[in-house]
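Student: Here you go, one structure.
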Amino acid sequence: MFKSYPTISFVIICIIGPFCEELTYRAGLYDLIKRKNKIFAFIFEALLFAFIHLEFTDTTFAAELASFPIYL
């Protein structure tokens, strides 16, 4: 798709995707959980975000754990 439609792919991958993630995690999940406990909401949101971005397909578990702090 990126080769066929480079402009629209760029907009979706670099602008719309991150914007939707921010809305999901910050405006949605964080705001929902922070009503109970702000610290827990911050930690839970960060851990969930990092965990969702891990890939367990072609890499080893150790390599994924090494990249976990980057996503966190």
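Quick note on naming: the chains in the structure tokens go A, B, ... in the order shown, residues restart at 1 in each chain, and ligands are numbered from 1 in order of appearance.
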Which neighbours of segment 9-23 of chain A fall inside 12 Å, counting only C-alpha atoms, when residues of the same chain fewer than 2 positions from it are skipped, and could you give them as a count of residues only?
Tutor: 21
Student: Could you tell me, as a PyMOL selection string, which residues of chain A DSSP assigns to helix (DSSP H, G or I) when given the backbone?
Tutor: chain A and resi 6-33+38-52+61-71
Student: Which one is closest to Ile70 of chain A: A:Arg35, A:Ile8, A:Phe56, A:Phe51? Count only C-alpha atoms.
Tutor: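 With only C-alpha atoms as the atom set, the closest residue is A:Phe51.
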Student: Do you have the atom CA of Ile33 of chain A-atom CA of Glu64 of chain A distance handy?
Tutor: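 It comes out at 27.2 Å.
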Student: Calculate how many Å separate atom CA of Pro69 of chain A from atom CA of Ile39 of chain A, rounding to one decimal.
Tutor: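 Between atom CA of Pro69 of chain A and atom CA of Ile39 of chain A the gap works out to 18.5 Å.
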